[in-house]
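Peer 1: Enclosed is the structure file protein.txt (compact mmCIF, C-alpha atoms).
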```txt
# COMPACT_ATOMS: atom_id res chain seq x y z
CA MET I 201 17.36 6.86 -19.28
CA ILE I 202 13.58 6.77 -18.77
CA ASP I 203 10.72 9.28 -18.88
CA LEU I 204 7.57 8.50 -16.88
CA HIS I 205 5.67 11.76 -17.43
CA THR I 206 4.62 12.59 -21.00
CA HIS I 207 1.51 13.73 -22.83
CA THR I 208 0.09 12.98 -26.28
CA ASN I 209 -2.42 14.82 -28.43
CA GLU I 210 -5.16 12.80 -26.75
CA SER I 211 -4.83 15.31 -23.89
CA ASP I 212 -2.77 18.49 -24.15
CA GLY I 213 0.36 17.35 -25.99
CA SER I 214 1.07 17.81 -29.69
CA CYS I 215 2.50 14.38 -30.63
CA THR I 216 0.32 11.46 -31.59
CA PRO I 217 0.90 8.33 -29.49
CA LEU I 218 2.82 6.73 -32.37
CA GLU I 219 4.97 9.85 -32.82
CA LEU I 220 5.79 9.81 -29.13
CA VAL I 221 6.82 6.14 -29.30
CA ASP I 222 8.97 6.92 -32.34
CA ARG I 223 10.69 9.80 -30.53
CA ALA I 224 11.35 7.62 -27.49
CA LEU I 225 12.90 4.91 -29.65
CA ALA I 226 14.96 7.42 -31.66
CA MET I 227 16.59 8.83 -28.53
CA GLY I 228 17.09 5.43 -26.92
CA LEU I 229 14.74 5.72 -23.95
CA GLU I 230 14.62 2.47 -21.97
CA ALA I 231 11.05 3.14 -20.76
CA LEU I 232 8.29 5.59 -21.59
CA GLY I 233 5.34 6.51 -19.39
CA ILE I 234 2.29 8.08 -21.03
CA SER I 235 0.33 10.05 -18.44
CA ASP I 236 -2.31 12.05 -20.29
CA HIS I 237 -4.81 14.13 -18.34
CA ASP I 238 -7.99 12.19 -17.50
CA THR I 239 -7.70 9.69 -20.35
CA PHE I 240 -5.97 6.44 -21.32
CA ALA I 241 -6.63 6.99 -25.03
CA GLY I 242 -3.00 7.86 -25.80
CA TYR I 243 -1.62 4.91 -23.86
CA ASP I 244 -4.10 2.52 -25.46
CA GLN I 245 -3.02 3.59 -28.95
CA ALA I 246 0.68 3.28 -28.08
CA VAL I 247 0.56 -0.23 -26.58
CA GLU I 248 0.86 -2.25 -29.80
CA PRO I 249 3.53 -0.07 -31.51
CA ALA I 250 5.59 -0.02 -28.31
CA ARG I 251 5.35 -3.79 -27.96
CA ALA I 252 6.27 -4.31 -31.60
CA TYR I 253 9.40 -2.17 -31.26
CA GLY I 254 10.41 -3.49 -27.84
CA LEU I 255 9.81 -0.27 -25.91
CA ASP I 256 8.91 -0.64 -22.22
CA LEU I 257 5.64 1.34 -22.05
CA VAL I 258 4.27 2.36 -18.64
CA CYS I 259 0.56 3.04 -18.19
CA GLY I 260 -0.14 6.31 -16.39
CA ILE I 261 -2.66 9.09 -16.07
CA GLU I 262 -2.60 12.59 -14.55
CA LEU I 263 -5.50 13.68 -12.34
CA SER I 264 -6.39 17.05 -10.80
CA VAL I 265 -7.56 16.65 -7.19
CA ARG I 266 -8.87 18.92 -4.45
CA MET I 267 -7.64 19.43 -0.91
CA LYS I 268 -9.49 20.92 2.03
CA ASN I 269 -8.60 24.56 2.70
CA ARG I 270 -6.63 24.85 -0.57
CA PRO I 271 -8.14 26.89 -3.43
CA ARG I 272 -6.08 25.43 -6.29
CA SER I 273 -5.97 21.84 -7.43
CA VAL I 274 -3.08 19.43 -6.94
CA HIS I 275 -1.92 17.12 -9.73
CA VAL I 276 -1.61 13.42 -9.07
CA LEU I 277 0.07 10.88 -11.33
CA ALA I 278 -1.39 7.38 -11.19
CA TYR I 279 0.78 4.53 -12.48
CA PHE I 280 -0.37 1.00 -13.24
CA LEU I 281 2.85 -0.99 -13.21
CA ASP I 282 1.52 -4.56 -13.22
CA GLN I 283 -1.41 -4.38 -15.61
CA PRO I 284 -3.66 -1.72 -17.18
CA PRO I 285 -6.52 -0.39 -15.03
CA SER I 286 -9.89 -2.09 -14.85
CA GLU I 287 -12.96 -1.06 -16.79
CA GLU I 288 -14.44 0.13 -13.49
CA PHE I 289 -11.59 2.59 -12.99
CA ARG I 290 -11.79 3.69 -16.62
CA GLY I 291 -15.46 4.40 -16.07
CA TRP I 292 -14.64 6.54 -13.04
CA VAL I 293 -12.11 8.48 -15.13
CA ASN I 294 -14.69 9.03 -17.87
CA GLY I 295 -16.87 10.70 -15.26
CA LEU I 296 -14.09 13.24 -14.66
CA LEU I 297 -14.32 14.39 -18.26
CA ALA I 298 -17.77 15.81 -17.51
CA THR I 299 -16.28 18.13 -14.88
CA ARG I 300 -13.64 19.23 -17.38
CA ARG I 301 -16.32 20.14 -19.95
CA GLU I 302 -18.24 22.09 -17.32
CA ARG I 303 -15.04 24.05 -16.60
CA ASN I 304 -14.59 24.70 -20.32
CA ILE I 305 -18.11 26.13 -20.61
CA ARG I 306 -17.30 28.59 -17.82
CA LEU I 307 -13.95 29.41 -19.45
CA VAL I 308 -15.66 30.22 -22.76
CA ALA I 309 -18.06 32.55 -20.95
CA LYS I 310 -15.17 34.40 -19.28
CA LEU I 311 -13.26 34.76 -22.55
CA GLN I 312 -16.36 36.03 -24.33
CA GLY I 313 -16.81 38.53 -21.49
CA MET I 314 -13.30 39.78 -22.25
CA GLY I 315 -14.26 40.36 -25.88
CA VAL I 316 -12.74 37.18 -27.32
CA PRO I 317 -15.03 35.65 -30.00
CA ILE I 318 -14.71 31.95 -29.19
CA GLU I 319 -17.09 28.99 -29.10
CA LEU I 320 -16.60 25.71 -27.26
CA SER I 321 -17.34 23.71 -30.41
CA GLU I 322 -14.29 25.08 -32.25
CA VAL I 323 -12.00 24.27 -29.33
CA GLU I 324 -13.44 20.76 -29.00
CA ARG I 325 -12.68 20.07 -32.66
CA ILE I 326 -8.99 20.44 -31.76
CA GLY I 327 -9.19 18.77 -28.35
CA ARG I 328 -10.18 15.29 -29.55
CA THR I 329 -10.61 12.98 -26.55
CA LEU I 330 -10.00 15.74 -24.04
CA THR I 331 -10.26 19.51 -24.38
CA GLY I 332 -7.98 21.58 -22.16
CA ARG I 333 -6.41 25.01 -21.94
CA PRO I 334 -3.68 24.33 -24.54
CA HIS I 335 -6.44 23.78 -27.10
CA PHE I 336 -7.97 27.11 -26.11
CA ALA I 337 -4.51 28.64 -26.55
CA ARG I 338 -4.26 27.25 -30.06
CA VAL I 339 -7.57 28.86 -31.02
CA LEU I 340 -6.51 32.20 -29.53
CA ILE I 341 -3.25 32.05 -31.49
CA GLN I 342 -5.13 31.27 -34.70
CA LYS I 343 -7.48 34.21 -34.09
CA GLY I 344 -4.63 36.60 -33.34
CA PHE I 345 -5.44 37.11 -29.66
CA ALA I 346 -2.15 35.54 -28.48
CA THR I 347 1.30 35.20 -30.00
CA ASP I 348 2.09 31.77 -28.54
CA TYR I 349 1.05 29.31 -25.81
CA GLU I 350 2.92 31.16 -23.07
CA ASP I 351 1.29 34.45 -24.06
CA ALA I 352 -2.18 32.88 -24.04
CA PHE I 353 -1.71 31.44 -20.55
CA ARG I 354 -0.17 34.62 -19.17
CA ARG I 355 -2.86 36.95 -20.53
CA TYR I 356 -5.96 34.79 -20.36
CA PHE I 357 -6.19 31.52 -18.42
CA GLY I 358 -3.04 30.78 -16.48
CA GLU I 359 -3.67 30.40 -12.72
CA SER I 360 -3.07 34.14 -12.15
CA ALA I 361 -4.82 35.35 -15.33
CA PRO I 362 -8.26 37.02 -15.47
CA ALA I 363 -10.07 34.20 -17.31
CA PHE I 364 -8.74 31.37 -15.14
CA VAL I 365 -11.44 28.93 -14.04
CA GLU I 366 -10.79 26.22 -11.45
CA ARG I 367 -12.00 22.73 -12.29
CA HIS I 368 -13.88 20.84 -9.59
CA GLY I 369 -11.86 17.63 -9.51
CA PRO I 370 -12.28 14.79 -7.01
CA GLU I 371 -11.17 15.06 -3.40
CA ILE I 372 -7.70 13.63 -2.86
CA GLY I 373 -8.82 10.76 -0.62
CA VAL I 374 -11.43 9.66 -3.16
CA ALA I 375 -8.96 9.83 -6.05
CA ALA I 376 -6.23 7.95 -4.16
CA ALA I 377 -8.65 5.26 -3.02
CA ASN I 378 -9.84 4.71 -6.59
CA VAL I 379 -6.27 4.51 -7.89
CA VAL I 380 -5.10 2.07 -5.20
CA GLY I 381 -8.29 0.03 -5.52
CA ALA I 382 -7.54 -0.40 -9.22
CA GLY I 383 -4.02 -1.62 -8.49
CA GLY I 384 -2.30 1.70 -9.14
CA LEU I 385 0.30 3.88 -7.45
CA ALA I 386 -0.80 7.46 -6.64
CA VAL I 387 2.06 9.98 -6.85
CA LEU I 388 2.30 13.73 -6.24
CA ALA I 389 3.25 15.36 -9.56
CA HIS I 390 5.80 18.23 -9.81
CA PRO I 391 5.71 19.22 -6.10
CA ILE I 392 7.47 22.51 -6.89
CA ARG I 393 4.15 23.66 -8.36
CA LEU I 394 2.47 23.46 -5.00
CA GLY I 395 3.81 27.00 -4.79
CA VAL I 396 4.83 26.79 -1.12
CA ARG I 397 8.08 28.69 -0.67
CA ASP I 398 8.74 27.87 2.96
CA PRO I 399 10.42 24.40 3.10
CA GLY I 400 8.78 23.50 6.39
CA SER I 401 5.31 24.38 5.17
CA GLU I 402 5.94 22.56 1.91
CA GLU I 403 7.01 19.41 3.74
CA ALA I 404 3.93 19.62 5.99
CA LEU I 405 1.69 19.86 2.93
CA ILE I 406 3.36 16.86 1.28
CA LYS I 407 2.91 14.89 4.51
CA GLU I 408 -0.77 15.87 4.49
CA LEU I 409 -1.04 14.57 0.92
CA ARG I 410 0.63 11.32 1.98
CA ASP I 411 -1.82 11.00 4.86
CA GLY I 412 -4.59 11.59 2.30
CA GLY I 413 -3.55 8.51 0.34
CA LEU I 414 -0.61 9.40 -1.91
CA CYS I 415 2.27 6.94 -1.76
CA GLY I 416 4.86 8.57 -4.02
CA ILE I 417 6.41 11.85 -5.13
CA GLU I 418 7.80 12.99 -8.47
CA VAL I 419 11.33 13.84 -7.38
CA TYR I 420 12.71 14.34 -10.90
CA HIS I 421 10.92 16.90 -13.10
CA SER I 422 11.85 19.52 -15.69
CA ASP I 423 10.85 22.32 -13.28
CA HIS I 424 13.07 21.03 -10.47
CA LYS I 425 16.49 22.51 -9.82
CA PRO I 426 19.21 20.31 -8.28
CA GLU I 427 18.41 21.64 -4.81
CA ASP I 428 14.73 20.79 -5.34
CA VAL I 429 15.61 17.24 -6.33
CA ARG I 430 17.70 16.84 -3.17
CA ARG I 431 14.91 18.26 -1.00
CA TYR I 432 12.19 16.04 -2.47
CA ALA I 433 14.43 12.97 -2.34
CA GLY I 434 14.94 13.67 1.36
CA ILE I 435 11.19 14.04 1.94
CA ALA I 436 10.56 10.80 0.04
CA LYS I 437 13.02 8.95 2.26
CA LYS I 438 11.68 10.52 5.46
CA TYR I 439 8.05 9.61 4.75
CA ASP I 440 8.68 6.34 2.91
CA LEU I 441 7.34 7.65 -0.40
CA ALA I 442 8.02 6.04 -3.76
CA VAL I 443 10.20 8.08 -6.13
CA THR I 444 9.22 8.79 -9.74
CA GLY I 445 10.38 11.18 -12.42
CA GLY I 446 9.62 12.53 -15.87
CA SER I 447 9.97 15.48 -18.18
CA ASP I 448 6.27 16.45 -18.44
CA PHE I 449 6.82 16.50 -22.20
CA HIS I 450 4.05 18.18 -24.24
CA GLY I 451 5.76 18.69 -27.60
CA ASP I 452 4.95 21.99 -29.32
CA ALA I 453 2.78 23.08 -26.38
CA LYS I 454 5.94 23.29 -24.23
CA PRO I 455 8.83 23.46 -26.71
CA GLU I 456 11.35 24.27 -23.98
CA VAL I 457 10.86 20.81 -22.42
CA ALA I 458 12.53 17.95 -24.28
CA LEU I 459 11.50 14.31 -24.07
CA GLY I 460 13.72 12.43 -21.63
CA THR I 461 16.17 15.25 -20.94
CA GLY I 462 13.78 17.93 -19.69
CA ARG I 463 14.60 21.63 -19.60
CA ASN I 464 18.11 22.45 -20.84
CA GLY I 465 19.16 18.86 -20.24
CA ASN I 466 18.39 18.86 -16.51
CA LEU I 467 17.10 15.27 -16.48
CA ASP I 468 18.80 11.90 -16.78
CA ILE I 469 16.51 9.51 -14.90
CA PRO I 470 18.01 6.02 -14.56
CA LYS I 471 16.07 2.84 -15.26
CA SER I 472 16.63 1.87 -11.62
CA VAL I 473 13.87 4.33 -10.61
CA LEU I 474 11.31 2.24 -12.51
CA ASP I 475 12.86 -1.03 -11.32
CA VAL I 476 12.42 0.05 -7.69
CA LEU I 477 8.81 1.12 -8.34
CA ARG I 478 7.99 -2.27 -9.80
CA ALA I 479 9.76 -4.11 -7.02
```
Here is the file; what I need is its structure written in the form of structure tokens.
Peer 2:
Amino acid sequence: MIDLHTHTNESDGSCTPLELVDRALAMGLEALGISDHDTFAGYDQAVEPARAYGLDLVCGIELSVRMKNRPRSVHVLAYFLDQPPSEEFRGWVNGLLATRRERNIRLVAKLQGMGVPIELSEVERIGRTLTGRPHFARVLIQKGFATDYEDAFRRYFGESAPAFVERHGPEIGVAAANVVGAGGLAVLAHPIRLGVRDPGSEEALIKELRDGGLCGIEVYHSDHKPEDVRRYAGIAKKYDLAVTGGSDFHGDAKPEVALGTGRNGNLDIPKSVLDVLRA
């Protein structure tokens, strides 16, 4: 069993990189992919412990990209299967953090306009390398404005909530070109979250993403039902897309999603998925 989609506390997860490695070893994962949002800080910290304990650690990162004529962002997983990314690519990623902070400034203003007494500085103290919405949720919970993470997202800054602010990420072609140029594999993350209910329209959108530079699709994910897995596997085969999979583990931020096994045990991703990717 492997898990190629996880997050540490260097982005929006709750586990430190070492804690995540320990959990992976304890449950017998054959490979672990760390794919924090817009940062390699978690992966970098996990490299030596993983090597010392014999865990196959995969370098990944999750990026939010834009598409023409689509208001919401699309998430892309970038995997570096041969060697870690170059300093040039890391520099490009660091530039993305500036757009995230600009989004956070606008989010603070919206929350304050709703009567929530919150300052960016107090959220950034929790956010460490990267400050995202789960860190805002933690502050709202501490202040008594939300009961838990789900409540905070539903009432304040989920994609349908009144304080939601879109982040201006890179255009998909630019992101994919940077990933491929750095020796990486650009993959569409959790395609079910594209939110396209009509199968034909969904397939057309995935094809458009492939034409924009993506070369893989996350077939296995905690949000995917068996029929979704079959549909995405079929699309991957039809358009010659690489297949990946992972739980999207966040720890306490998403307690219903377990490392390796996903939601209610709906994942059991074989090592062969990673072997094929590397081949």
Peer 1: Using all atoms listed in the file - which residues lie no farther than 12 Å from the point (-8.7, 10.2, -7.3) in the file's frame? Write them as a PDB file with C-alpha atoms, in the coordinates of the input.
Peer 2:
```
ATOM      1  CA  ASP I 238      -7.990  12.190 -17.500  1.00  0.00           C
ATOM      2  CA  ILE I 261      -2.660   9.090 -16.070  1.00  0.00           C
ATOM      3  CA  GLU I 262      -2.600  12.590 -14.550  1.00  0.00           C
ATOM      4  CA  LEU I 263      -5.500  13.680 -12.340  1.00  0.00           C
ATOM      5  CA  SER I 264      -6.390  17.050 -10.800  1.00  0.00           C
ATOM      6  CA  VAL I 265      -7.560  16.650  -7.190  1.00  0.00           C
ATOM      7  CA  ARG I 266      -8.870  18.920  -4.450  1.00  0.00           C
ATOM      8  CA  MET I 267      -7.640  19.430  -0.910  1.00  0.00           C
ATOM      9  CA  SER I 273      -5.970  21.840  -7.430  1.00  0.00           C
ATOM     10  CA  VAL I 274      -3.080  19.430  -6.940  1.00  0.00           C
ATOM     11  CA  HIS I 275      -1.920  17.120  -9.730  1.00  0.00           C
ATOM     12  CA  VAL I 276      -1.610  13.420  -9.070  1.00  0.00           C
ATOM     13  CA  LEU I 277       0.070  10.880 -11.330  1.00  0.00           C
ATOM     14  CA  ALA I 278      -1.390   7.380 -11.190  1.00  0.00           C
ATOM     15  CA  PHE I 289     -11.590   2.590 -12.990  1.00  0.00           C
ATOM     16  CA  ARG I 290     -11.790   3.690 -16.620  1.00  0.00           C
ATOM     17  CA  TRP I 292     -14.640   6.540 -13.040  1.00  0.00           C
ATOM     18  CA  VAL I 293     -12.110   8.480 -15.130  1.00  0.00           C
ATOM     19  CA  GLY I 295     -16.870  10.700 -15.260  1.00  0.00           C
ATOM     20  CA  LEU I 296     -14.090  13.240 -14.660  1.00  0.00           C
ATOM     21  CA  GLY I 369     -11.860  17.630  -9.510  1.00  0.00           C
ATOM     22  CA  PRO I 370     -12.280  14.790  -7.010  1.00  0.00           C
ATOM     23  CA  GLU I 371     -11.170  15.060  -3.400  1.00  0.00           C
ATOM     24  CA  ILE I 372      -7.700  13.630  -2.860  1.00  0.00           C
ATOM     25  CA  GLY I 373      -8.820  10.760  -0.620  1.00  0.00           C
ATOM     26  CA  VAL I 374     -11.430   9.660  -3.160  1.00  0.00           C
ATOM     27  CA  ALA I 375      -8.960   9.830  -6.050  1.00  0.00           C
ATOM     28  CA  ALA I 376      -6.230   7.950  -4.160  1.00  0.00           C
ATOM     29  CA  ALA I 377      -8.650   5.260  -3.020  1.00  0.00           C
ATOM     30  CA  ASN I 378      -9.840   4.710  -6.590  1.00  0.00           C
ATOM     31  CA  VAL I 379      -6.270   4.510  -7.890  1.00  0.00           C
ATOM     32  CA  VAL I 380      -5.100   2.070  -5.200  1.00  0.00           C
ATOM     33  CA  GLY I 381      -8.290   0.030  -5.520  1.00  0.00           C
ATOM     34  CA  ALA I 382      -7.540  -0.400  -9.220  1.00  0.00           C
ATOM     35  CA  GLY I 384      -2.300   1.700  -9.140  1.00  0.00           C
ATOM     36  CA  LEU I 385       0.300   3.880  -7.450  1.00  0.00           C
ATOM     37  CA  ALA I 386      -0.800   7.460  -6.640  1.00  0.00           C
ATOM     38  CA  VAL I 387       2.060   9.980  -6.850  1.00  0.00           C
ATOM     39  CA  LEU I 388       2.300  13.730  -6.240  1.00  0.00           C
ATOM     40  CA  GLY I 412      -4.590  11.590   2.300  1.00  0.00           C
ATOM     41  CA  GLY I 413      -3.550   8.510   0.340  1.00  0.00           C
ATOM     42  CA  LEU I 414      -0.610   9.400  -1.910  1.00  0.00           C
TER      43      LEU I 414
END
```
Peer 1: Find the residues around region 463-477 of chain I up to 7 Å (only C-alpha atoms counted), leave out those fewer than 4 positions away in its own chain, and share them as a VMD selection string.
Peer 2: chain I and resid 201 to 202 230 422 442 to 445 456 to 458
Peer 1: Could you tell me which of I:His424, I:Lys407, I:Arg333, I:Arg478 comes closest to Ser447 (chain I) if we count all atoms listed in the file?
Peer 2: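 The answer is I:His424, which sits nearest to Ser447 (chain I).
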Peer 1: What does the distance between CA of Gln283 (chain I) and CA of Gly416 (chain I) come to in Å, to one decimal place?
Peer 2: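 Interatomic distance, CA of Gln283 (chain I) to CA of Gly416 (chain I): 18.5 Å.
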Peer 1: Could you name the residues that touch Leu225 (chain I) at 9 Å or less, counting all atoms listed in the file, but leaving out those on the same chain fewer than 3 positions away, as a ChimeraX atom specification?
Peer 2: /I:220-222,228-230,250,253-255
Peer 1: Which value, in Å to one decimal, gives the distance between CA of Pro334 (chain I) and CA of Ala453 (chain I)?
Peer 2: 6.8 Å
Peer 1: What is the CA of Thr331 (chain I)-CA of Asp212 (chain I) distance in Å, reported with one decimal?
Peer 2: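 About the pair CA of Thr331 (chain I) and CA of Asp212 (chain I): they are 7.6 Å apart.
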Peer 1: Leaving out Cys215 (chain I) and any residue of its chain fewer than 4 positions from it, which residues lie within 12 Å of it when counting all atoms listed in the file, given as a list in words?
Peer 2: Thr206, His207, Thr208, Asn209, Glu210, Ser211, Glu219, Leu220, Val221, Asp222, Arg223, Ala224, Ile234, Asp236, Gly242, Ala246, Phe449, His450, Gly451, Asp452, Ala453, Lys454, Pro455 and Leu459 of chain I
Peer 1: May I ask which of the residues I:Gly313, I:Pro284, I:Gly395, I:Gly358 is the closest one to Gly383 (chain I), counting only C-alpha atoms?
Peer 2: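 Among the listed residues, I:Pro284 lies closest to Gly383 (chain I).
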Peer 1: I'd like to know which of I:Leu218, I:Val419, I:Ala361, I:Leu441 is closest to Lys310 (chain I), using only C-alpha atoms.
Peer 2: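 Of I:Leu218, I:Val419, I:Ala361, I:Leu441, the one nearest Lys310 (chain I), counting only C-alpha atoms, is I:Ala361.
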Peer 1: Can you pull region 282-292 of chain I out of that block with all heavy atoms and hand it back as a PDB file, in the first residue's frame?
Peer 2:
```pdb
ATOM      1  N   ASP I 282      12.495  11.281 -10.067  1.00  0.00           N
ATOM      2  CA  ASP I 282      13.908  10.931 -10.258  1.00  0.00           C
ATOM      3  C   ASP I 282      14.816  11.639  -9.263  1.00  0.00           C
ATOM      4  O   ASP I 282      15.682  11.033  -8.655  1.00  0.00           O
ATOM      5  CB  ASP I 282      14.347  11.264 -11.687  1.00  0.00           C
ATOM      6  CG  ASP I 282      13.611  10.416 -12.724  1.00  0.00           C
ATOM      7  OD1 ASP I 282      13.340   9.243 -12.410  1.00  0.00           O
ATOM      8  OD2 ASP I 282      13.313  10.923 -13.804  1.00  0.00           O
ATOM      9  N   GLN I 283      14.607  12.923  -9.099  1.00  0.00           N
ATOM     10  CA  GLN I 283      15.404  13.713  -8.170  1.00  0.00           C
ATOM     11  C   GLN I 283      14.612  14.945  -7.767  1.00  0.00           C
ATOM     12  O   GLN I 283      13.681  15.352  -8.454  1.00  0.00           O
ATOM     13  CB  GLN I 283      16.729  14.124  -8.812  1.00  0.00           C
ATOM     14  CG  GLN I 283      16.576  14.946 -10.078  1.00  0.00           C
ATOM     15  CD  GLN I 283      17.913  15.230 -10.739  1.00  0.00           C
ATOM     16  OE1 GLN I 283      18.931  14.695 -10.350  1.00  0.00           O
ATOM     17  NE2 GLN I 283      17.907  16.083 -11.757  1.00  0.00           N
ATOM     18  N   PRO I 284      14.939  15.535  -6.605  1.00  0.00           N
ATOM     19  CA  PRO I 284      14.213  16.730  -6.151  1.00  0.00           C
ATOM     20  C   PRO I 284      14.321  17.869  -7.169  1.00  0.00           C
ATOM     21  O   PRO I 284      15.247  17.891  -7.986  1.00  0.00           O
ATOM     22  CB  PRO I 284      14.930  17.088  -4.834  1.00  0.00           C
ATOM     23  CG  PRO I 284      15.522  15.799  -4.365  1.00  0.00           C
ATOM     24  CD  PRO I 284      15.943  15.083  -5.633  1.00  0.00           C
ATOM     25  N   PRO I 285      13.384  18.806  -7.134  1.00  0.00           N
ATOM     26  CA  PRO I 285      13.383  19.896  -8.116  1.00  0.00           C
ATOM     27  C   PRO I 285      14.572  20.828  -7.955  1.00  0.00           C
ATOM     28  O   PRO I 285      15.184  20.909  -6.889  1.00  0.00           O
ATOM     29  CB  PRO I 285      12.067  20.624  -7.830  1.00  0.00           C
ATOM     30  CG  PRO I 285      11.781  20.319  -6.398  1.00  0.00           C
ATOM     31  CD  PRO I 285      12.268  18.919  -6.192  1.00  0.00           C
ATOM     32  N   SER I 286      14.859  21.551  -9.015  1.00  0.00           N
ATOM     33  CA  SER I 286      15.994  22.469  -9.037  1.00  0.00           C
ATOM     34  C   SER I 286      15.727  23.703  -8.180  1.00  0.00           C
ATOM     35  O   SER I 286      14.593  23.998  -7.803  1.00  0.00           O
ATOM     36  CB  SER I 286      16.260  22.915 -10.474  1.00  0.00           C
ATOM     37  OG  SER I 286      15.145  23.662 -10.964  1.00  0.00           O
ATOM     38  N   GLU I 287      16.787  24.429  -7.900  1.00  0.00           N
ATOM     39  CA  GLU I 287      16.652  25.687  -7.170  1.00  0.00           C
ATOM     40  C   GLU I 287      15.838  26.694  -7.972  1.00  0.00           C
ATOM     41  O   GLU I 287      15.127  27.521  -7.406  1.00  0.00           O
ATOM     42  CB  GLU I 287      18.036  26.260  -6.840  1.00  0.00           C
ATOM     43  CG  GLU I 287      18.789  25.475  -5.783  1.00  0.00           C
ATOM     44  CD  GLU I 287      18.007  25.360  -4.479  1.00  0.00           C
ATOM     45  OE1 GLU I 287      17.433  26.382  -4.040  1.00  0.00           O
ATOM     46  OE2 GLU I 287      17.968  24.258  -3.907  1.00  0.00           O
ATOM     47  N   GLU I 288      15.940  26.614  -9.292  1.00  0.00           N
ATOM     48  CA  GLU I 288      15.161  27.522 -10.145  1.00  0.00           C
ATOM     49  C   GLU I 288      13.666  27.284  -9.948  1.00  0.00           C
ATOM     50  O   GLU I 288      12.889  28.231  -9.816  1.00  0.00           O
ATOM     51  CB  GLU I 288      15.535  27.312 -11.609  1.00  0.00           C
ATOM     52  CG  GLU I 288      14.791  28.240 -12.560  1.00  0.00           C
ATOM     53  CD  GLU I 288      15.182  28.015 -14.011  1.00  0.00           C
ATOM     54  OE1 GLU I 288      16.010  27.116 -14.276  1.00  0.00           O
ATOM     55  OE2 GLU I 288      14.650  28.732 -14.884  1.00  0.00           O
ATOM     56  N   PHE I 289      13.262  26.013  -9.924  1.00  0.00           N
ATOM     57  CA  PHE I 289      11.849  25.715  -9.721  1.00  0.00           C
ATOM     58  C   PHE I 289      11.410  26.104  -8.314  1.00  0.00           C
ATOM     59  O   PHE I 289      10.312  26.638  -8.115  1.00  0.00           O
ATOM     60  CB  PHE I 289      11.575  24.229  -9.955  1.00  0.00           C
ATOM     61  CG  PHE I 289      10.119  23.861  -9.847  1.00  0.00           C
ATOM     62  CD1 PHE I 289       9.258  24.088 -10.912  1.00  0.00           C
ATOM     63  CD2 PHE I 289       9.606  23.318  -8.683  1.00  0.00           C
ATOM     64  CE1 PHE I 289       7.909  23.768 -10.823  1.00  0.00           C
ATOM     65  CE2 PHE I 289       8.259  22.997  -8.575  1.00  0.00           C
ATOM     66  CZ  PHE I 289       7.411  23.221  -9.648  1.00  0.00           C
ATOM     67  N   ARG I 290      12.259  25.857  -7.336  1.00  0.00           N
ATOM     68  CA  ARG I 290      11.941  26.244  -5.961  1.00  0.00           C
ATOM     69  C   ARG I 290      11.750  27.760  -5.863  1.00  0.00           C
ATOM     70  O   ARG I 290      10.883  28.247  -5.131  1.00  0.00           O
ATOM     71  CB  ARG I 290      13.032  25.781  -5.010  1.00  0.00           C
ATOM     72  CG  ARG I 290      13.055  24.272  -4.776  1.00  0.00           C
ATOM     73  CD  ARG I 290      14.285  23.846  -3.984  1.00  0.00           C
ATOM     74  NE  ARG I 290      14.335  22.413  -3.742  1.00  0.00           N
ATOM     75  CZ  ARG I 290      13.903  21.819  -2.637  1.00  0.00           C
ATOM     76  NH1 ARG I 290      13.382  22.551  -1.658  1.00  0.00           N
ATOM     77  NH2 ARG I 290      13.991  20.514  -2.489  1.00  0.00           N
ATOM     78  N   GLY I 291      12.538  28.491  -6.612  1.00  0.00           N
ATOM     79  CA  GLY I 291      12.394  29.941  -6.620  1.00  0.00           C
ATOM     80  C   GLY I 291      11.064  30.367  -7.214  1.00  0.00           C
ATOM     81  O   GLY I 291      10.413  31.296  -6.728  1.00  0.00           O
ATOM     82  N   TRP I 292      10.649  29.668  -8.279  1.00  0.00           N
ATOM     83  CA  TRP I 292       9.343  29.955  -8.887  1.00  0.00           C
ATOM     84  C   TRP I 292       8.226  29.682  -7.884  1.00  0.00           C
ATOM     85  O   TRP I 292       7.273  30.467  -7.763  1.00  0.00           O
ATOM     86  CB  TRP I 292       9.170  29.106 -10.139  1.00  0.00           C
ATOM     87  CG  TRP I 292       7.849  29.296 -10.825  1.00  0.00           C
ATOM     88  CD1 TRP I 292       7.476  30.346 -11.620  1.00  0.00           C
ATOM     89  CD2 TRP I 292       6.719  28.413 -10.765  1.00  0.00           C
ATOM     90  NE1 TRP I 292       6.185  30.172 -12.056  1.00  0.00           N
ATOM     91  CE2 TRP I 292       5.688  29.003 -11.555  1.00  0.00           C
ATOM     92  CE3 TRP I 292       6.475  27.198 -10.135  1.00  0.00           C
ATOM     93  CZ2 TRP I 292       4.447  28.405 -11.715  1.00  0.00           C
ATOM     94  CZ3 TRP I 292       5.231  26.594 -10.297  1.00  0.00           C
ATOM     95  CH2 TRP I 292       4.236  27.196 -11.080  1.00  0.00           C
TER      96      TRP I 292
END
```
